[in-house]
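A.B. asks: Could you have a look at this structure, given as structure tokens, before my questions?
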Amino acid sequence: MALSNTAVASNKFPTTALSVALAVYALLSVLFLLQENGLLISPEAANYLHEATHDARHALGVPCH
Amino acid sequence: MVSRTLGRTVGHGAVAGAAAGGVGATALYWLVEPSIRAAIAIEEAGGPAGEAGGHSHAAGGDHAGSHGLAADALVPRDEQVVFALVTVLLVGILIGIAFALAHRVLGTRLPGKSPAGSAMTLAGLGFVAFTLAPAIIVPANPPAVGDPATVSLRAVTYLGTIVCAVALTTIVTALARAKELAPRSRAVAATALGIVGSLVLVWALPNAADPVPANVPADLVWEFRVGSLTQLGLMWLVLGAVFAYLTPSQVVTRTSPPTPMRIGRRRHLQPASVAEV
């Protein structure tokens with residue numbers, strides 16, 4: 001974080017942290033959507049999600065079965 | 001003020017991602033679905049890969065070989081295609097948001113003379129790190145290819161490849177812009193590191209790709225992979241282009257023209273010496 005003055009830094013640091021957190025959250029959501037195997041939701045729901053996203057997973061190049 | 005600006009960044013990313021997702025869904029429907037359909041037909045005909053592992057494509061009730069009927073009927077085939085388009089759209093939006101935030105956080109550290117230019121650069125780097133690298137290490141496969149026993153290794157390799165590729169891409173880009181080196185040395189060093197780093201990754205990452213079973217034609221796998229890469233390439237291109245179009249190329253201040261002290265919101269227009277000290 002190359003910030004040189006406090007006027008900028010005081011505005012920027014929380015935003016930066018929030019931005020990074022949101023970006024990570026968005027990427028984790030993608031992972032959840034495409035790779036959820038029953039870790040966070042019930043196995044039945046995970047199975048349904050797995051089958052529903054099946055073609056997209058293959059097309060996006062994410063490993064499947 | 002800050003949160004609204006962040007919100008606008010997220011909004012632009014979501015719109016650009018939705019556009020990319022829409023184009024990606026169209027590409028999936030026209031370019032990839034025919035291969036998936038053909039592959040599922042092969043799988044249902046009773047290929048060894050399809051029957052071995054207890055995985056269903058829910059392609060109808062006639063797939064009674066390895067699975068209970070309940071699992072087969074879980075998502076009918078036509079719904080599966082609709083869900084696929086929705087999923088691509090959702091993934092596009094989420095990636096778009098992450099893309100916009102990365103663009104915002106990285107700011108002038110990205111190559112490119114304007115926010116639009118750096119957006120296109122970031123999309124190109126994203127394609128290399130998130131699509132091309134895993135496509136080389138663990139190529140995309142149509143449904144009839146793939147051994148359920150190796151899916152964990154392939155998933156971990158896939159994610160590990162992306163992490164390593166992001167790291168390598170970051171280091172190469174940083175080296176290409178290192179102020180400490182003479183411009184010519186930078187180019188040579190970045191190119192050399194890119195080549196050596198790629199070779200090391202190809203050598204070091206596990207060879208997790210499954211063999212293609214004998215009953216799956218090579219043409220089918222080829223068409224699927226080309227279709228998949230085309231879809232993903234289009235998605236990155238549209239994501240970068242739409243985001244570049246939406247991103248303001250000038251600082252818009254309400255009261256006064258930008259001065260170095262006042263334009264912290266938009267790092268792009270700061271002189272390099274201010275932004276990177």
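Residues are referred to by chain and number: the chain letter is A, B, ... according to the order shown in the structure tokens, the number counts from 1 in that chain, and ligands are numbered separately from 1 in the order shown.
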Would you mind listing, for every residue of chain A within 6 Å of chain B, the two atoms forming the shortest contact and the distance between them in Å to one decimal, using only C-alpha atoms, sorted by chain and ascending residue number, as a tab-separated table?
C.D. replies:
```
residue	atom	partner	partner_atom	distance
A:Ala2	CA	B:Glu276	CA	5.7
A:Val8	CA	B:Gly264	CA	5.4
A:Ser19	CA	B:Leu101	CA	5.6
A:Ala23	CA	B:Ala98	CA	4.2
A:Ala26	CA	B:Leu94	CA	5.2
A:Val30	CA	B:Val91	CA	5.9
A:Ala52	CA	B:Gln80	CA	5.3
A:Thr53	CA	B:Ala84	CA	5.4
A:Asp55	CA	B:Ala84	CA	5.4
A:Ala56	CA	B:Ala84	CA	4.6
A:Ala59	CA	B:Ser228	CA	5.0
A:Gly61	CA	B:Ala140	CA	4.2
A:Pro63	CA	B:Ala155	CA	5.6
A:His65	CA	B:Pro148	CA	4.4
```
A.B. asks: Give me, as an MDAnalysis selection string, the residues of stretch 13-159 of chain B that a backbone DSSP run labels helix (DSSP H, G or I).
C.D. replies: chainID B and resid 13:44 48:52 69:72 77:109 115:137 148:159
A.B. asks: Give me, please, the distance in Å between atom CA of B:Ala129 and atom CA of A:Tyr25, quoted to one decimal.
C.D. replies: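 Atom-to-atom, atom CA of B:Ala129 and atom CA of A:Tyr25 are spaced 18.8 Å apart.
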A.B. asks: Could you give me, as a PyMOL selection string, the residues within 10 Å of stretch 194-198 of chain B, counting only C-alpha atoms and dropping anything in the same chain fewer than 6 positions from it?
C.D. replies: chain B and resi 133+164-165+168-169+171-173+175+188+204
A.B. asks: Set the distance at 10 Å and use only C-alpha atoms: which residues neighbour B:Ala244 once local chain neighbours fewer than 6 positions away are removed? I'd like the list as a PyMOL selection string.
C.D. replies: chain B and resi 12-13+16+100+114-120+123+238
A.B. asks: Report, in Å to a single decimal, how far apart atom CA of B:Pro111 and atom CA of B:Ser185 are.
C.D. replies: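 A separation of 17.0 Å between them.
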A.B. asks: Could you check how far atom CA of B:Val202 sits from atom CA of B:Phe130, in Å to one decimal?
C.D. replies: 15.0 Å
